[in-house]
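Here is the structure we will look at.
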Amino acid sequence: MVSTNRNIVLIGFMGVGKTTIGHELATLLQRPFIDLDQAIEKEFGKTILEIFSKDGEEAFRKKERKLFGHIMNKENYIVSLGGGAFLQKDIQRQSLEKGEVIFLDISFSAWVERLPLLKKDRPLLQNKSHQEIKELYHSRREVYTNAHHTIHTDRLGPLQIAKEIKKAIQST
Ligand SMILES: Nc1ncnc2c1ncn2[C@@H]1O[C@H](COP(=O)(O)OP(=O)(O)O)[C@@H](O)[C@H]1O
Ligand SMILES: O=C(O)C1=C[C@@H](OP(=O)(O)O)[C@@H](O)[C@H](O)C1
Ligand SMILES: [Mg+2]
């Protein structure tokens, strides 16, 4: 039994599995699920790629802050963020104050195996060299370690990871 009413907020690098595992965790804990990127796409009526190319990243980030604020006025949700959301100071502060923040960690070598699946719909992975992506991974990883809990995901499937999250929350 997970007793907290706080929203459970999943953070981590692009492609680590926040959206996939968020769904799995919501089913496991029987809680409602919100993917912040999907909520943003719905508001704009466009895909993330279209928002970045037509409206620009700043418009995306502004909507990200606004919708996240609305979500954190509710309780009991499983919330998957986009990989850059937690880098925004407002989002980081609200999620740490009001939520239970879970960092889904993955080694860079395991992540690189997944890269071919990700490139086509992640605007920030396009037109970047391997070295630039590696630097982005490491600089963001440092920020993600501010989370309340860290789950190492290498070699685990989504259901196993969801069960690890449940255990981590129960132990607090
Ligand atoms: N634990 C996992 N093991 C293997 N592949 C995974 C795992 N979690 C997610 N994936 C795959 O990785 C890709 C990115 O997953 P996604 O949930 O969109 O990540 P994020 O929301 O963090 O960007 C998808 O193709 C998904 O099927
Ligand atoms: O890391 C980022 O800045 C982004 C990550 C994406 O979400 P995922 O982490 O779910 O891929 C999406 O929000 C957008 O492409 C920007
Ligand atoms: Mg996602």
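By convention here, the chains of the structure tokens are called A, B, ... in the order presented, each chain's residues are numbered starting at 1, and ligands are numbered starting at 1 in the order presented.
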
Against stretch 114-135 of chain A, which residues of stretch 61-109 of chain A fall within 10 Å? For each one I want the closest pair of atoms and the distance in Å (one decimal), counting only C-alpha atoms, rows by chain and increasing residue number, as CSV.
residue,atom,partner,partner_atom,distance
A:Gly84,CA,A:Leu124,CA,9.7
A:Phe108,CA,A:Lys134,CA,7.5
A:Ser109,CA,A:Arg114,CA,9.3

| said: Excluding A:Asn76 and its own-chain neighbours fewer than 3 positions away, which residues fall within 8 Å of it when counting only C-alpha atoms? Please give them as a list of chain:residue names. | reply: A:Thr4, A:Asn5, A:Arg6, A:Asn7, A:Ile8, A:Arg31, A:Pro32

Writer output for current selection, all heavy atoms, as a PDB file, in the first residue's frame:
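Output saved as part.pdb:
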ATOM      1  N   THR A   4       1.145   7.838   0.418  1.00  0.00           N
ATOM      2  CA  THR A   4       1.207   9.265   0.087  1.00  0.00           C
ATOM      3  C   THR A   4       0.135   9.683  -0.926  1.00  0.00           C
ATOM      4  O   THR A   4      -0.158   8.938  -1.858  1.00  0.00           O
ATOM      5  CB  THR A   4       2.607   9.651  -0.452  1.00  0.00           C
ATOM      6  OG1 THR A   4       2.616  11.047  -0.699  1.00  0.00           O
ATOM      7  CG2 THR A   4       2.967   8.919  -1.728  1.00  0.00           C
ATOM      8  N   ASN A   5      -0.450  10.863  -0.689  1.00  0.00           N
ATOM      9  CA  ASN A   5      -1.385  11.429  -1.672  1.00  0.00           C
ATOM     10  C   ASN A   5      -0.664  12.333  -2.656  1.00  0.00           C
ATOM     11  O   ASN A   5      -1.262  12.834  -3.588  1.00  0.00           O
ATOM     12  CB  ASN A   5      -2.435  12.313  -0.969  1.00  0.00           C
ATOM     13  CG  ASN A   5      -3.358  11.485  -0.129  1.00  0.00           C
ATOM     14  OD1 ASN A   5      -3.615  10.331  -0.450  1.00  0.00           O
ATOM     15  ND2 ASN A   5      -3.844  12.062   0.955  1.00  0.00           N
ATOM     16  N   ARG A   6       0.622  12.567  -2.384  1.00  0.00           N
ATOM     17  CA  ARG A   6       1.386  13.463  -3.250  1.00  0.00           C
ATOM     18  C   ARG A   6       1.424  12.921  -4.672  1.00  0.00           C
ATOM     19  O   ARG A   6       1.464  11.688  -4.860  1.00  0.00           O
ATOM     20  CB  ARG A   6       2.827  13.533  -2.747  1.00  0.00           C
ATOM     21  CG  ARG A   6       2.987  14.349  -1.490  1.00  0.00           C
ATOM     22  CD  ARG A   6       4.419  14.219  -0.989  1.00  0.00           C
ATOM     23  NE  ARG A   6       4.734  15.294  -0.084  1.00  0.00           N
ATOM     24  CZ  ARG A   6       5.769  16.129  -0.225  1.00  0.00           C
ATOM     25  NH1 ARG A   6       6.632  15.984  -1.202  1.00  0.00           N
ATOM     26  NH2 ARG A   6       5.966  17.099   0.624  1.00  0.00           N
ATOM     27  N   ASN A   7       1.471  13.821  -5.635  1.00  0.00           N
ATOM     28  CA  ASN A   7       1.701  13.368  -7.006  1.00  0.00           C
ATOM     29  C   ASN A   7       3.085  12.730  -7.095  1.00  0.00           C
ATOM     30  O   ASN A   7       4.041  13.231  -6.493  1.00  0.00           O
ATOM     31  CB  ASN A   7       1.655  14.554  -7.972  1.00  0.00           C
ATOM     32  CG  ASN A   7       0.257  15.118  -8.133  1.00  0.00           C
ATOM     33  OD1 ASN A   7      -0.733  14.442  -7.867  1.00  0.00           O
ATOM     34  ND2 ASN A   7       0.170  16.372  -8.567  1.00  0.00           N
ATOM     35  N   ILE A   8       3.192  11.665  -7.851  1.00  0.00           N
ATOM     36  CA  ILE A   8       4.487  11.022  -8.081  1.00  0.00           C
ATOM     37  C   ILE A   8       4.997  11.513  -9.426  1.00  0.00           C
ATOM     38  O   ILE A   8       4.332  11.339 -10.454  1.00  0.00           O
ATOM     39  CB  ILE A   8       4.346   9.492  -8.044  1.00  0.00           C
ATOM     40  CG1 ILE A   8       3.855   9.071  -6.654  1.00  0.00           C
ATOM     41  CG2 ILE A   8       5.668   8.809  -8.400  1.00  0.00           C
ATOM     42  CD1 ILE A   8       3.475   7.609  -6.539  1.00  0.00           C
ATOM     43  N   ARG A  31      -3.830   4.667 -10.063  1.00  0.00           N
ATOM     44  CA  ARG A  31      -3.915   6.129  -9.948  1.00  0.00           C
ATOM     45  C   ARG A  31      -4.033   6.734 -11.339  1.00  0.00           C
ATOM     46  O   ARG A  31      -3.583   6.126 -12.318  1.00  0.00           O
ATOM     47  CB  ARG A  31      -2.640   6.666  -9.314  1.00  0.00           C
ATOM     48  CG  ARG A  31      -2.518   6.327  -7.848  1.00  0.00           C
ATOM     49  CD  ARG A  31      -1.458   7.218  -7.282  1.00  0.00           C
ATOM     50  NE  ARG A  31      -1.234   6.988  -5.885  1.00  0.00           N
ATOM     51  CZ  ARG A  31      -0.591   7.862  -5.114  1.00  0.00           C
ATOM     52  NH1 ARG A  31      -0.138   8.986  -5.609  1.00  0.00           N
ATOM     53  NH2 ARG A  31      -0.399   7.610  -3.856  1.00  0.00           N
ATOM     54  N   PRO A  32      -4.578   7.945 -11.448  1.00  0.00           N
ATOM     55  CA  PRO A  32      -4.649   8.587 -12.766  1.00  0.00           C
ATOM     56  C   PRO A  32      -3.265   9.010 -13.254  1.00  0.00           C
ATOM     57  O   PRO A  32      -2.372   9.271 -12.443  1.00  0.00           O
ATOM     58  CB  PRO A  32      -5.551   9.801 -12.524  1.00  0.00           C
ATOM     59  CG  PRO A  32      -5.470  10.073 -11.057  1.00  0.00           C
ATOM     60  CD  PRO A  32      -5.190   8.755 -10.385  1.00  0.00           C
TER      61      PRO A  32
END

| request: Could you report the residues within 10 Å of ligand 2, using only C-alpha atoms and all ligand atoms, as JSON, numbers by chain? | output: {"A": [10, 11, 12, 13, 14, 15, 16, 17, 18, 19, 20, 35, 36, 37, 38, 40, 41, 47, 48, 49, 51, 52, 57, 60, 61, 64, 80, 81, 82, 83, 84, 85, 86, 87, 118, 119, 121, 122, 123, 124, 125, 136, 137, 140]}

Given the selection you just returned, output its residues as a file containing C-alpha atoms, formatted as a compact mmCIF listing (two decimals), in the first residue's frame.
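Output file again08.txt is given in full below:
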# COMPACT_ATOMS: atom_id res chain seq x y z
CA LEU A 10 8.90 10.97 -12.97
CA ILE A 11 12.01 12.75 -14.26
CA GLY A 12 15.07 11.71 -16.26
CA PHE A 13 16.78 12.03 -19.62
CA MET A 14 14.92 11.82 -22.95
CA GLY A 15 14.02 8.24 -23.77
CA VAL A 16 14.74 6.74 -20.34
CA GLY A 17 11.11 5.60 -20.22
CA LYS A 18 9.23 8.24 -18.21
CA THR A 19 6.09 8.04 -20.38
CA THR A 20 6.10 4.23 -20.66
CA ASP A 35 2.10 12.87 -19.40
CA LEU A 36 3.06 16.55 -19.46
CA ASP A 37 4.25 16.42 -23.10
CA GLN A 38 0.95 14.87 -24.20
CA ILE A 40 1.16 20.27 -24.07
CA GLU A 41 0.56 18.68 -27.50
CA THR A 47 3.23 17.54 -32.05
CA ILE A 48 6.27 18.45 -29.94
CA LEU A 49 8.35 18.66 -33.15
CA ILE A 51 5.72 23.20 -31.52
CA PHE A 52 9.53 23.50 -31.44
CA GLU A 57 11.30 26.23 -27.55
CA PHE A 60 6.96 25.18 -25.28
CA ARG A 61 8.73 25.89 -21.95
CA GLU A 64 5.26 23.38 -19.69
CA SER A 80 5.64 11.99 -16.41
CA LEU A 81 7.67 15.07 -17.32
CA GLY A 82 9.63 15.77 -20.47
CA GLY A 83 13.41 15.53 -20.01
CA GLY A 84 13.93 19.31 -19.85
CA ALA A 85 11.06 20.20 -17.52
CA PHE A 86 12.91 19.62 -14.23
CA LEU A 87 15.65 21.99 -15.46
CA LEU A 118 14.37 8.43 -30.24
CA LYS A 119 15.93 10.67 -32.87
CA ASP A 121 10.61 12.84 -32.53
CA ARG A 122 12.98 14.52 -30.05
CA PRO A 123 13.84 17.99 -31.43
CA LEU A 124 16.80 18.39 -29.04
CA LEU A 125 18.51 15.25 -30.40
CA LEU A 136 23.80 17.20 -22.45
CA TYR A 137 23.21 13.80 -20.79
CA ARG A 140 21.26 17.15 -16.99

Residues of chain A in strand (DSSP E or B) according to DSSP, as a CSV table (one decimal) with N, CA, C and O atoms, in the first residue's frame?
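Full text of selection-v1.csv as output:
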chain,number,residue,atom,x,y,z
A,8,ILE,N,3.2,11.7,-7.9
A,8,ILE,CA,4.5,11.0,-8.1
A,8,ILE,C,5.0,11.5,-9.4
A,8,ILE,O,4.3,11.3,-10.5
A,9,VAL,N,6.1,12.2,-9.4
A,9,VAL,CA,6.6,12.9,-10.6
A,9,VAL,C,7.9,12.2,-11.1
A,9,VAL,O,8.9,12.0,-10.4
A,10,LEU,N,7.8,11.7,-12.4
A,10,LEU,CA,8.9,11.0,-13.0
A,10,LEU,C,9.8,11.9,-13.8
A,10,LEU,O,9.3,12.6,-14.7
A,11,ILE,N,11.1,11.9,-13.5
A,11,ILE,CA,12.0,12.8,-14.3
A,11,ILE,C,13.1,11.9,-14.8
A,11,ILE,O,13.3,10.7,-14.3
A,33,PHE,N,-3.1,9.1,-14.6
A,33,PHE,CA,-1.8,9.4,-15.2
A,33,PHE,C,-1.9,10.6,-16.1
A,33,PHE,O,-2.9,10.8,-16.8
A,34,ILE,N,-0.9,11.4,-16.0
A,34,ILE,CA,-0.7,12.6,-16.9
A,34,ILE,C,0.7,12.6,-17.5
A,34,ILE,O,1.6,12.6,-16.7
A,35,ASP,N,0.8,12.6,-18.8
A,35,ASP,CA,2.1,12.9,-19.4
A,35,ASP,C,2.1,14.3,-19.8
A,35,ASP,O,1.3,14.8,-20.6
A,78,ILE,N,0.0,10.3,-11.2
A,78,ILE,CA,1.4,9.9,-11.7
A,78,ILE,C,1.6,10.9,-12.8
A,78,ILE,O,0.8,10.9,-13.8
A,79,VAL,N,2.8,11.6,-12.7
A,79,VAL,CA,3.0,12.6,-13.7
A,79,VAL,C,4.4,12.3,-14.4
A,79,VAL,O,5.4,12.3,-13.7
A,80,SER,N,4.4,12.1,-15.7
A,80,SER,CA,5.6,12.0,-16.4
A,80,SER,C,6.0,13.3,-17.0
A,80,SER,O,5.2,13.9,-17.8
A,100,GLU,N,6.4,13.7,-5.0
A,100,GLU,CA,7.4,12.7,-4.7
A,100,GLU,C,8.2,12.5,-6.0
A,100,GLU,O,7.6,12.0,-6.9
A,101,VAL,N,9.4,13.0,-6.0
A,101,VAL,CA,10.1,13.0,-7.3
A,101,VAL,C,11.0,11.8,-7.5
A,101,VAL,O,11.9,11.5,-6.6
A,102,ILE,N,10.8,11.1,-8.6
A,102,ILE,CA,11.6,9.9,-8.9
A,102,ILE,C,12.5,10.1,-10.1
A,102,ILE,O,12.0,10.4,-11.2
A,103,PHE,N,13.8,10.0,-9.9
A,103,PHE,CA,14.7,10.1,-11.1
A,103,PHE,C,14.9,8.7,-11.6
A,103,PHE,O,15.4,7.8,-11.0
A,104,LEU,N,14.5,8.6,-12.9
A,104,LEU,CA,14.8,7.3,-13.6
A,104,LEU,C,16.2,7.4,-14.3
A,104,LEU,O,16.3,8.2,-15.2
A,105,ASP,N,17.1,6.7,-13.7
A,105,ASP,CA,18.5,6.8,-14.2
A,105,ASP,C,18.8,5.7,-15.2
A,105,ASP,O,18.3,4.6,-15.1
A,149,HIS,N,14.1,10.3,-4.9
A,149,HIS,CA,14.5,8.9,-5.1
A,149,HIS,C,15.1,8.7,-6.5
A,149,HIS,O,14.7,9.3,-7.4
A,150,THR,N,16.1,7.8,-6.5
A,150,THR,CA,16.7,7.4,-7.8
A,150,THR,C,16.5,6.0,-8.1
A,150,THR,O,16.8,5.1,-7.2
A,151,ILE,N,16.1,5.6,-9.3
A,151,ILE,CA,15.9,4.2,-9.6
A,151,ILE,C,16.8,3.9,-10.8
A,151,ILE,O,16.7,4.6,-11.9
A,152,HIS,N,17.7,2.9,-10.7
A,152,HIS,CA,18.6,2.6,-11.8
A,152,HIS,C,17.8,1.6,-12.7
A,152,HIS,O,17.4,0.6,-12.3

| Interatomic distance (Å, one decimal) between atom CA of A:Glu142 and atom CA of A:Lys167 | 23.7 Å
